[in-house]
Structures are given as C-alpha cells and as structure tokens.
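Below: the structure, in structure tokens.
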Amino acid sequence: MGKKANLPPGAGNKSQQKLASRNRRNNLVAYARRHAGLVAVAVAAWACKAYYPKAKAYFFPKKRSSRRGKADAAADRGAEWAVLLSKADGLVAKGAVAEGIAVYREAINAAPKLSPAHTNLCAAYLQDSQLAMALNSCKRGYELAKDDDEKAAALLNYGIAQRRGYGTAGVPTAVEAWRRAAELDPSAVPPRRYLAVVAAQAGLLR
C-alpha cells in the first residue's frame, strides 16, 4: 500500500468550505439566470410605482379648471372693486371730488357690471358740475342694478341731478324718479325727504 499523504491540520475543512461557498454562488447565478425576466419585471413595477406619479405630475401638470379659474378671477376683481369704491366714497366725502371720480372709474374698470360705482359716480359728477356725465352714470347704474335697492339708489341720484341741473324744469322728472325710488325701497328716507321738500316749495304742504 502506498503511503497516505499527510495534510496540514484543517486543510480538509477549508477545502469543503470553499466548495460549499462556490456551490452557493453557482446556485445563485443559476437562479438569477432562470428568473431574470421576473426580476426585471419586479424592478420595473417598483420603479413605476415609485416614480411615475412624480413624473406624470412634472410632465403633465393638472390644468386648472377654467370655470374655477374664472370664478377666482371674478372674486379678485370683486374684492378690488370694493376697495376702490370705498376709497372713492371717502375721497368725495372729504371734498376731493376730482380724485374720487378717478377712483370710481378705476372701480368701474375692475367690475364694469356692478351698479353702485356708476350710481356713486353720478353723484360725484354732479358735485363737479358735469351734468351730462352725471345723468349718464345714473342711467347706467339703474340698468345694471341687481335688485330694488340698487335701482332705488340710482333713481334717487337721477332725481337730484334733474332737479339741480335743470331747476324748475327738471322737477317733474325728479319727482317721478323719487316716487319710483320710494316704491322700490319703502324703508328709504331720502326719496321721501326730497319729495317733501319739493312739495313744500310748491306750496302743496300746509
């Protein structure tokens, strides 16, 4: 019998460990090759789930509803109009009529179809001795009025413009405007006060 080779202590165990490690690596490679398609699909699915929403939002941002956009724009114009109207009223009350007229015009540019700015502009024009402009503004305020209160306000100023602008000749038209205003807004005091003044001047009140 040949002489048995003497191996260093532990040499056999190390060889077995290397072999086992190599086998595991070979098995993993073989598994990956067999299931490469499934792995690719899984990775693609994960990538889509993680990044598609962000990519979609970036490249195809949601468009704002045109209806909502118009509503927001209208609200912004309405807010601007209210601020300008208040500013103009304050200027006219302080005697700065020309400046108030300019701001009323800004308010009308912001919201052309809102009646009060036209009606108040009528009164400002009248204070500035611009009778024709005053009458036109009152008419426009009446045409755009959304309710009886706005109509009554326009008629009140229209009557005042007629009375101050045309004197006695304007009284019949003024009286008719004030009567109509009083009918539209029964709680309003100014139309009745003007009617009482005219009646007193005409000697109708005893």
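In the structure tokens, each chain is lettered A, B, ... as it comes, each chain's residues begin at 1, and ligands are numbered from 1 in order of appearance.
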
* To do: Do a neighbour search on region 87-99 of chain A at 12 Å with only C-alpha atoms, toss out local chain neighbours closer than 2 positions, and write the hits as a PyMOL selection string.
  => chain A and resi 80-85+101-108+116-130

* Asked: Near Asp185 (chain A), within 7 Å and counting only C-alpha atoms, which residues show up once chain neighbours fewer than 6 positions away are dropped, as number ranges by chain?
  -> A: 148-149, 152

* Structure fact -> As a check of understanding: the span from CA of Val171 (chain A) to CA of Gly100 (chain A) is 27.7 Å
